Each structure stands twice: as structure tokens, then as C-alpha cells.
Amino acid sequence: MRRLPPTGSLEAFLAAARAGSLRKASADLSLSVSALSRRVQKLEQHTGQILFTRSGNEFRLNSNGRRLFAEIEEPFDRISSAFEKHGPTKKRKLTVGVPTSFATAWLIPRLESFRSEHREVELQLDTSGSPIEKLGDTLDMIIFFAEDGSERVNFEPLRPQGAFAVAREGVVDPLAGLRATLRETPVLIHQHLPQILATWLQEMKIPKSFPLKVETFDDGPLLIAAAQSGLGMALVLEDMLNFYGGQSGLVRPFGEYVPTPFSYAIATKPASGSAQAIKLFRDWIIRESKHDSLLQLELA
């Protein structure tokens, strides 16, 4: 049986592949640049293949490196996680990128339960933006607003988003019917999510030629505020409303629920955080989200 390459060489290869830079990878592993470079060279000698395109301290995977990385990244992370799990208890670091709105309205109010369950995890939240670009660099996990088929990373839907119409009580008379309402009442939509209107109209069997009064807003809270002020009937994604915890003062006059391709989602790619911490946080946040969804169904 052929012997495996040294674990240190595999660790150096994965760190350099993820970082794209020997200097950053060496800092992540607390090694000198030359020591990390020697470890990568040992792996190349073991495989008999050049794995990186080198330019100074920049290391970019070539086709051989990409194939090897795809084959060993997940198994190596699973092995690392197993040893963390069965090793002595110590602080396990994790950095998660998350939108400020999601963190404030949903994550922070629930975070104490995670901390009490997993006091060994040192969790840091990053709300500074550009999460996809930072994933695997400074972020181990991201929570972000995703659209099916349009993202550059593999993700797992966390909170799928349906759409429905809301208005301040008294602005819309549901007994008058939807078409009569649309003739008289402006439809308020999110400027950056215009496709939701077409999906909603199709689901509600309203023809594209139907005359609408449409007003746009470039921010979710601003859209909600416009509806609260009685400016019209707002077409919203469910978490735009759920984040108000039932205190928005808005009603759903027609009770519809239209599926959309949008969701709050999670994606993971270890940067310098603990694989075990990533798994613990992922499992916890999925469980919390499912519990939240069940509560909403019971209250509906």
C-alpha cells in the first residue's frame, strides 16, 4: 500500500490553495514562508506533479492542483473536525459574515442559546459587507441574501423567502377584490427586486397588460415604512415583515403566499477557523431556523 504524504504537506497545500498566497497561508499556519513552501514542494514530489502556478509569493492552483484540491478538501476537513471533536476542549474560533439587518433582527436575539450550548466556540460576527469575496479568506462562513442560479458559491438555503402583499389596515378593502384594489392603490416594490412583481402577478393571475401604479423604494425598511404610512400596498418578502416580530402594524389583505427564488442562505469555506466550530454553528442555525418556521406555521 502506498504511503500517504505527510499531514503537514497536505495542510500546507490546502492553506496555500485557499489563500492564494504563501504569505497569508504561512501566517494562518504560524509557519515561515520558506517552511510552508518546502512542505508544498514535498507534496508535489510525492504526487509527481506541479500543483501551483507561482509568481513571487502568489500561488495559484493549476489544473492538477484544482483536481487534487477538489478531491481532498472535504475529507481532510472531516478528519480535522473529528480530531477536534475528540481532542481536549479548547477555544474554537469561527468568523461569520452576516448582513447587519439579519444580525440585528434575527441572529443576535437567538445567539445566547448558541453561546450557552457551545462555550468552547469563540464566535466573531463581521457585518462589513462583501461576504462572498471574503469567504475562505477572512470569513469561515457567510449568511447572505441569495438567489437560486445566480450565485458564485455553493450555498444552502436557510430561510426561503415567499412574497405577499401588505398594507396598513384600512388602506385596502379585500372585499373589493384584488383587481379593483390594483386599479386604485399604488403597488410599492423594492427597487432591487423588480422580478418579484412579475412572479406575484403571474401567481395572482393578473395579466402583464394590467395598468398598475408602481412606486419603487431602494431599501426594505423604507418599503415597510411607506406601507405603514398608507402610501399603498407593498409587495414584500416574508422576512421584511417577520423581522418586525408582529409589530409592523401591517395586514395581509389577500392572504396569498408566492414562492420566490430568494432565500437567506449559508455558505462555508474555512479560512482560519475551526472545522468543528463551523459544523456546530451550521447545525445550530439550521435547527433554529426550522424551529422558527414551525412556530410561524402554528401561528398562521
# chains A, B, ... in the order shown; residues from 1 in each chain; ligands from 1
$ closest_atom_pairs --of "stretch 133-159 of chain A" --to "stretch 20-31 of chain A" --cutoff "12 Å" --atoms "only C-alpha atoms" --output "JSON lines"
{"residue": "A:Gly136", "atom": "CA", "partner": "A:Gly20", "partner_atom": "CA", "distance": 10.4}
{"residue": "A:Asp137", "atom": "CA", "partner": "A:Lys24", "partner_atom": "CA", "distance": 9.0}
{"residue": "A:Thr138", "atom": "CA", "partner": "A:Asp28", "partner_atom": "CA", "distance": 10.3}
$ select_by_dssp --residues "stretch 42-260 of chain A" --states "helix (DSSP H, G or I)" --output "ChimeraX atom specification"
/A:42-47,63-86,100-117,131-134,174-176,178-184,195-203,220-228,238-242
$ atom_distance --atom1 "atom CA of A:Thr100" --atom2 "atom CA of A:Val187"
27.0 Å
$ closest_atom_pairs --of "stretch 147-212 of chain A" --to "stretch 247-250 of chain A" --cutoff "8 Å" --atoms "only C-alpha atoms" --output "tab-separated table"
residue	atom	partner	partner_atom	distance
A:Val166	CA	A:Leu250	CA	6.0
A:Ala167	CA	A:Leu250	CA	5.3
A:Arg168	CA	A:Leu250	CA	4.7
A:Glu169	CA	A:Leu250	CA	6.3
$ residues_around --residues "A:Arg183" --least-positions-apart "4" --cutoff "8 Å" --atoms "only C-alpha atoms" --output "number ranges by chain"
A: 179, 211-213
$ write_last_selection --atoms "N, CA and C atoms" --output "mmCIF file, in the first residue's frame"
data_model
loop_
_atom_site.group_PDB
_atom_site.id
_atom_site.type_symbol
_atom_site.label_atom_id
_atom_site.label_comp_id
_atom_site.auth_asym_id
_atom_site.auth_seq_id
_atom_site.Cartn_x
_atom_site.Cartn_y
_atom_site.Cartn_z
ATOM 1 N N ARG A 179 -58.280 43.029 -8.246
ATOM 2 C CA ARG A 179 -58.186 43.880 -9.439
ATOM 3 C C ARG A 179 -58.669 45.295 -9.157
ATOM 4 N N PRO A 211 -53.084 47.706 -16.048
ATOM 5 C CA PRO A 211 -52.497 49.003 -15.663
ATOM 6 C C PRO A 211 -52.237 49.075 -14.158
ATOM 7 N N LEU A 212 -50.985 49.301 -13.808
ATOM 8 C CA LEU A 212 -50.594 49.377 -12.405
ATOM 9 C C LEU A 212 -49.988 50.737 -12.093
ATOM 10 N N LYS A 213 -50.177 51.167 -10.864
ATOM 11 C CA LYS A 213 -49.453 52.329 -10.359
ATOM 12 C C LYS A 213 -48.340 51.785 -9.468
#
$ closest_residue --among "A:Leu197, A:Val251, A:Val121, A:Ala15" --to "A:Leu94" --atoms "only C-alpha atoms"
A:Val121
$ residues_around --residues "A:Pro5" --least-positions-apart "4" --cutoff "8 Å" --atoms "only C-alpha atoms" --output "list in words"
Ser9, Leu10, Leu43 and His46 of chain A
$ atom_distance --atom1 "atom CA of A:Arg18" --atom2 "atom CA of A:Leu123"
21.0 Å
$ residues_around --residues "A:Gly129" --least-positions-apart "5" --cutoff "9 Å" --atoms "only C-alpha atoms" --output "ChimeraX atom specification"
/A:97-100,134
$ select_by_dssp --residues "stretch 135-205 of chain A" --states "strand (DSSP E or B)" --output "MDAnalysis selection string"
chainID A and resid 135 139 141:147 156:168 187:190
